[in-house]
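Input: a single structure, listed below in structure tokens.
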Amino acid sequence: MFPDGICRVTDSYYTKTVQFQDINYQLNQNEDKTTIFDGWCDFLNYFDSSVRFQLSFVNMSANKDNYARYITISPQGDDFDSIRLEYTQMLQNQLARGNNGLIKTKYLTFGVEADGLKAAKPRLERIETDILNNFKRLGVAAEPMNGTERLRLLHGMLHMDKQEPFRFSWDWLAPSGLSVKDFIAPSSFEFRTGRSFGVGRRIGCASFLQILAPELNDRMLADFLDMESSLIVSMHVQSVDQVKAIKTIKRKITDLQKMTIEEQKKAVRAGYDMDIIPSDLATYGTEAKKLLQDLQSRNERMFLLTFIVVNTAGSRQQLDNNVFQAASIAQKYNCQLTRLDFRQEEGLMSSLPLGLNQIEIQRGLTTSSVAIFIPFTTQELFQDGKEALYCGLNALSNNLIMVDRKRLKNPNGLILGTPGSGKSFAAKREIANVFLVTDDDIIICDPEAEYGPLVERLHGQVIKLSPTGKGYDGSPCYINPMDLNLDYSDDDNPLSLKSDFILSLCELIVGGKDGLAPVEKTIIDRCVRMVYRDYLSDPVPENMPILEDLYNELRRQEEKEAQYIATALEIYVSGSLNVFNHRTNINIANRIVSFDIKELGKQLKKIGMLIVQDAVWNRVTVNREAHKSTRYYIDEMHLLLREEQTAAYTVEIWKRFRKWGGIPTGITQNVKDLLSSREVENIFENSDFILMLNQASGDRQILAKQLNISPHQLSYVTHSGEGEGLLFYGNVILPFVDRFPRGELYDLLTTKPQEQTA
């Protein structure tokens with residue numbers, strides 16, 4: 001093995017390996033499946049007869065401690081340790097339910113014959129570049145493996161009995177006098193019985209697949225890889241020279257024709273109809289002509305395939321069970337899995353991703369027949385890292401889904417679903433997770449007073465905005481819409497941006513169908529600048545203006561429009577809706593803040609939501625200076641999208657938040673409101689994270705068109721249960737299930753009235 005990843009397997013045979021990831025194939029609609037299949041056929045046709053290649057699918061037992069490291073939330077010695085412990089136990093239980101105990105990896109190894117390394121290197125590098133480009137066209141992530149990575153893979157495959165760390169450095173070879181083989185060799189090999197082999201303390205069995213079926217199924221390879229046991233599947237593929245293949249088939253057709261003539265002569269001599277010939281001859285003749293036509297006129301080549309399956313286990317009984325299960329899968333597709341008696345060593349060595357086939361049991365297949373063993377099934381989403389959040393279990397593989405939204409190009413998110421499908425529960429679960437594993441600030445706009453218990457348990461601040469101005473405990477609870485943060489904007493004057501917000505506020509209060517007139521906008525802008533003069537010259541809290549200061553300034557103006565605006569504002573300053581005419585008196589700087597606006601009536605709710613959005617902007621700008629992220633959750637988001645001013649403000653958040661370290665999440669049941677205007681549609685286009693729960697039939701059709709969802713994918717959001725649906729994460733679409741166990745945290749998250757009462 002050389003450091004750049006080239007391996008000299010024999011004196012004149014050199015190979016390289018590329019590791020590739022999965023894409024969604026089984027979940028896709030038929031047109032997309034056909035596109036992937038055709039792309040894979042073109043990929044296979046790239047290999048000419050001078051390049052041998054091997055596809056390796058390795059399912060190896062993972063070290064449980066590795067996974068536990070990613071999901072354990074360490075205690076901090078504070079009031080939240082009981083929640084941390086409960087959340088960690090939930091994740092460990094979910095992990096045990098899946099097969100995350102198996103690490104599934106996929107490799108393509110290719111090799112060429114050459115006189116030496118110098119001659120092999122440029123050829124292998126050119127082939128590698130072409131292979132990576134071909135994978136890219138299919139939308140598959142792939143990367144070449146260097147020498148150390150290839151040795152680590154081989155070491156892992158030969159040390160399945162114990163997760164022994166791989167220790168190796170190229171600098172050690174010369175002083176020690178050892179070869180690379182010494183660093184990957186297991187403690188022992190045993191090939192004694194001829195029916196199985198031993199590697200260390202683990203036993204295994206190598207078998208080959210006899211392809212007997214006249215037609216193959218694209219589920220076959222997927223079923224092998226879905227086995228929940230350690231398994232290595234290898235496909236050695238060798239392209240046959242096209243001219244040679246056509247000549248061979250023509251020769252066979254000639255032989256068959258000769259045999260047919262002999263049979264016809266016999267028939268004439270025996271005195272029966274010469275058209276009656278053995279059925280085998282007729283079948284073979286038709287098949288051979290069809291094959292010749294495929295090779296000559298369709299995009300087909302001829303390949304020789306060797307399909308090897310290596311099962312391993314800790315005990316003989318477990319091994320027999322695994323082999324029996326694999327044989328049953330082969331039988332299901334009219335094929336046969338045959339044990340490689342007395343060739344176990346060659347079988348094991350051929351399964352290593354070195355590109356060397358020592359089992360010359362080959363079956364001739366065309367491009368499309370080889371491509372039917374499609375190497376793509378379902379993507380997994382298990383991101384390691386401190387800030388990866390739990391989203392449920394993959395409904396197809398039962399594996400844990402852990403994602404970090406900050407790794408997306410655009411971390412903005414949506415949670416969509418009918419009432420009772422689990423939207424608020426999913427949002428609260430994420431809020432709790434964010435609180436426990438990140439340092440991000442969390443702000444919630446809560447129109448239904450659902451988030452209070454969770455926020456209070458996390459020692460957050462619940463700000464209850466009501467017409468009376470009283471909080472939960474009866475004490476005054478005010479927020480000042482005139483609050484100005486001097487870091488409000490990076491490129492604009494902070495006062496200009498604040499003026500823009502107050503114009504939107506006045507437009508909600510004063511403006512009719514046509515909004516504010518240009519003269520009115522000018523007057524408001526002039527008054528805003530005058531009102532903030534004292535605060536800008538001496539920015540102390542006592543100098544912060546309130547709505548009454550703006551009202552008084554408007555009254556001082558001579559224009560009749562100013563008097564009209566002031567009169568419209570009067571009810572919010574000295575009238576019955578004066579809740580927003582006070583200085584902020586609550587801790588708006590708490591790490592987790594929930595704005596409860598349930599009791600704001602129709603008149604105040606839109607204004608309240610706009611003021612909450614402004615408070616969020618303020619927090620985001622403060623946090624940006626401290627390089628801290630701000631997560632903003634907007635429940636019942638459709639209420640914001642119905643008014644032009646609040647909708648425009650929301651769209652602005654979706655467009656600009658990312659640059660400022662903000663991560664907004666909209667929670668809504670009314671998908672139609674997200675498409676109410678071309679402007680609002682931007683929210684869809686600027687959201688790379690969508691958690692889609694059960695959908696009403698009208699919404700399903702809209703979403704299928706908007707997000708290009710296949711009918712099969714759509715079935716996961718049709719009459720689905722609570723906590724079941726589809727997750728869109730960048731380009732990945734996964735069906736998920738979240739069964740959250742009962743406990744202290746569940747009681748804080750649930751929104752079911754009967755459970756809350758209990």
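Residue names in the structure tokens use chain letters A, B, ... in the order shown, residue numbers from 1 in each chain, and ligand numbers from 1 in the order shown.
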Practice item. Would you kindly return, as a ChimeraX atom specification, each protein, DNA or RNA residue with an atom no farther than 6 Å from any atom of stretch 418-420 of chain A, considering only C-alpha atoms and excluding same-chain residues fewer than 6 positions away? Key: /A:669,694-695
Check your understanding: DSSP says strand (DSSP E) for which residues of stretch 448-589 of chain A? Put them as an NGL selection string?
Key -> :A and (461-464)
Selected residues, C-alpha atoms, written as a PDB file, in the first residue's frame, please.
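Full text of selection.pdb as output:
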ATOM      1  CA  GLN A 461     -38.900  34.414  30.933  1.00  0.00           C
ATOM      2  CA  VAL A 462     -42.566  34.144  29.909  1.00  0.00           C
ATOM      3  CA  ILE A 463     -43.798  37.580  28.832  1.00  0.00           C
ATOM      4  CA  LYS A 464     -47.588  37.635  28.896  1.00  0.00           C
TER       5      LYS A 464
END
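Here the helix (DSSP H, G or I) residues in stretch 646-679 of chain A, by DSSP on the backbone, are A:Thr646, A:Ala647, A:Ala648, A:Tyr649, A:Thr650, A:Val651, A:Glu652, A:Ile653, A:Trp654, A:Lys655, A:Arg656, A:Phe657, A:Arg658, A:Lys659, A:Trp660, A:Val671, A:Lys672, A:Asp673, A:Leu674, A:Leu675.
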Could you please take those selected residues and save N, CA, C and O atoms as an mmCIF file, in the first residue's frame?
data_model
loop_
_atom_site.group_PDB
_atom_site.id
_atom_site.type_symbol
_atom_site.label_atom_id
_atom_site.label_comp_id
_atom_site.auth_asym_id
_atom_site.auth_seq_id
_atom_site.Cartn_x
_atom_site.Cartn_y
_atom_site.Cartn_z
ATOM 1 N N THR A 646 -47.071 42.567 8.383
ATOM 2 C CA THR A 646 -46.419 41.523 9.176
ATOM 3 C C THR A 646 -45.833 40.440 8.265
ATOM 4 O O THR A 646 -44.793 39.863 8.571
ATOM 5 N N ALA A 647 -46.487 40.181 7.136
ATOM 6 C CA ALA A 647 -45.964 39.178 6.188
ATOM 7 C C ALA A 647 -44.633 39.652 5.617
ATOM 8 O O ALA A 647 -43.670 38.881 5.531
ATOM 9 N N ALA A 648 -44.571 40.941 5.251
ATOM 10 C CA ALA A 648 -43.331 41.489 4.678
ATOM 11 C C ALA A 648 -42.192 41.400 5.692
ATOM 12 O O ALA A 648 -41.053 41.066 5.353
ATOM 13 N N TYR A 649 -42.517 41.673 6.955
ATOM 14 C CA TYR A 649 -41.510 41.618 8.022
ATOM 15 C C TYR A 649 -41.007 40.184 8.215
ATOM 16 O O TYR A 649 -39.832 39.934 8.440
ATOM 17 N N THR A 650 -41.950 39.215 8.128
ATOM 18 C CA THR A 650 -41.595 37.797 8.294
ATOM 19 C C THR A 650 -40.706 37.323 7.145
ATOM 20 O O THR A 650 -39.715 36.620 7.362
ATOM 21 N N VAL A 651 -41.055 37.721 5.924
ATOM 22 C CA VAL A 651 -40.244 37.346 4.751
ATOM 23 C C VAL A 651 -38.833 37.909 4.898
ATOM 24 O O VAL A 651 -37.839 37.241 4.586
ATOM 25 N N GLU A 652 -38.756 39.126 5.426
ATOM 26 C CA GLU A 652 -37.448 39.761 5.649
ATOM 27 C C GLU A 652 -36.597 38.925 6.609
ATOM 28 O O GLU A 652 -35.397 38.748 6.416
ATOM 29 N N ILE A 653 -37.251 38.399 7.660
ATOM 30 C CA ILE A 653 -36.546 37.540 8.621
ATOM 31 C C ILE A 653 -36.002 36.307 7.908
ATOM 32 O O ILE A 653 -34.858 35.909 8.100
ATOM 33 N N TRP A 654 -36.819 35.686 7.053
ATOM 34 C CA TRP A 654 -36.393 34.464 6.347
ATOM 35 C C TRP A 654 -35.253 34.747 5.370
ATOM 36 O O TRP A 654 -34.436 33.886 5.106
ATOM 37 N N LYS A 655 -35.221 35.983 4.864
ATOM 38 C CA LYS A 655 -34.163 36.325 3.890
ATOM 39 C C LYS A 655 -32.860 36.708 4.570
ATOM 40 O O LYS A 655 -31.779 36.377 4.095
ATOM 41 N N ARG A 656 -32.945 37.421 5.703
ATOM 42 C CA ARG A 656 -31.742 38.051 6.260
ATOM 43 C C ARG A 656 -31.203 37.419 7.536
ATOM 44 O O ARG A 656 -30.079 37.675 7.928
ATOM 45 N N PHE A 657 -32.023 36.598 8.200
ATOM 46 C CA PHE A 657 -31.627 36.074 9.509
ATOM 47 C C PHE A 657 -30.319 35.290 9.473
ATOM 48 O O PHE A 657 -29.525 35.353 10.398
ATOM 49 N N ARG A 658 -30.130 34.486 8.408
ATOM 50 C CA ARG A 658 -28.976 33.581 8.349
ATOM 51 C C ARG A 658 -27.669 34.351 8.515
ATOM 52 O O ARG A 658 -26.781 33.940 9.252
ATOM 53 N N LYS A 659 -27.572 35.496 7.814
ATOM 54 C CA LYS A 659 -26.330 36.283 7.868
ATOM 55 C C LYS A 659 -26.080 36.843 9.269
ATOM 56 O O LYS A 659 -24.962 37.142 9.631
ATOM 57 N N TRP A 660 -27.152 36.980 10.034
ATOM 58 C CA TRP A 660 -27.038 37.590 11.359
ATOM 59 C C TRP A 660 -26.976 36.533 12.461
ATOM 60 O O TRP A 660 -27.077 36.856 13.646
ATOM 61 N N VAL A 671 -50.949 25.571 5.060
ATOM 62 C CA VAL A 671 -49.910 25.645 4.030
ATOM 63 C C VAL A 671 -50.291 26.648 2.952
ATOM 64 O O VAL A 671 -49.436 27.319 2.376
ATOM 65 N N LYS A 672 -51.602 26.782 2.708
ATOM 66 C CA LYS A 672 -52.060 27.700 1.646
ATOM 67 C C LYS A 672 -51.582 29.128 1.905
ATOM 68 O O LYS A 672 -51.285 29.871 0.975
ATOM 69 N N ASP A 673 -51.502 29.512 3.203
ATOM 70 C CA ASP A 673 -51.058 30.873 3.535
ATOM 71 C C ASP A 673 -49.600 31.105 3.145
ATOM 72 O O ASP A 673 -49.182 32.240 2.940
ATOM 73 N N LEU A 674 -48.811 30.010 3.064
ATOM 74 C CA LEU A 674 -47.402 30.151 2.664
ATOM 75 C C LEU A 674 -47.273 30.443 1.172
ATOM 76 O O LEU A 674 -46.202 30.769 0.694
ATOM 77 N N LEU A 675 -48.381 30.271 0.444
ATOM 78 C CA LEU A 675 -48.347 30.512 -1.005
ATOM 79 C C LEU A 675 -49.268 31.665 -1.383
ATOM 80 O O LEU A 675 -49.656 31.796 -2.534
#
Point to revise | Option closest in space to A:Phe342, from A:Ser74, A:Gln557, A:Ser720, A:Thr193 [counting only C-alpha atoms] | key: A:Thr193
Exercise for review: Mind checking which residues fall within 9 Å of stretch 589-600 of chain A, counting only C-alpha atoms, ignoring those fewer than 4 positions away in the same chain, and posting them as an MDAnalysis selection string?
Suggested key: chainID A and resid 435 439:452 455 458:467 604:606 608:609 612 619
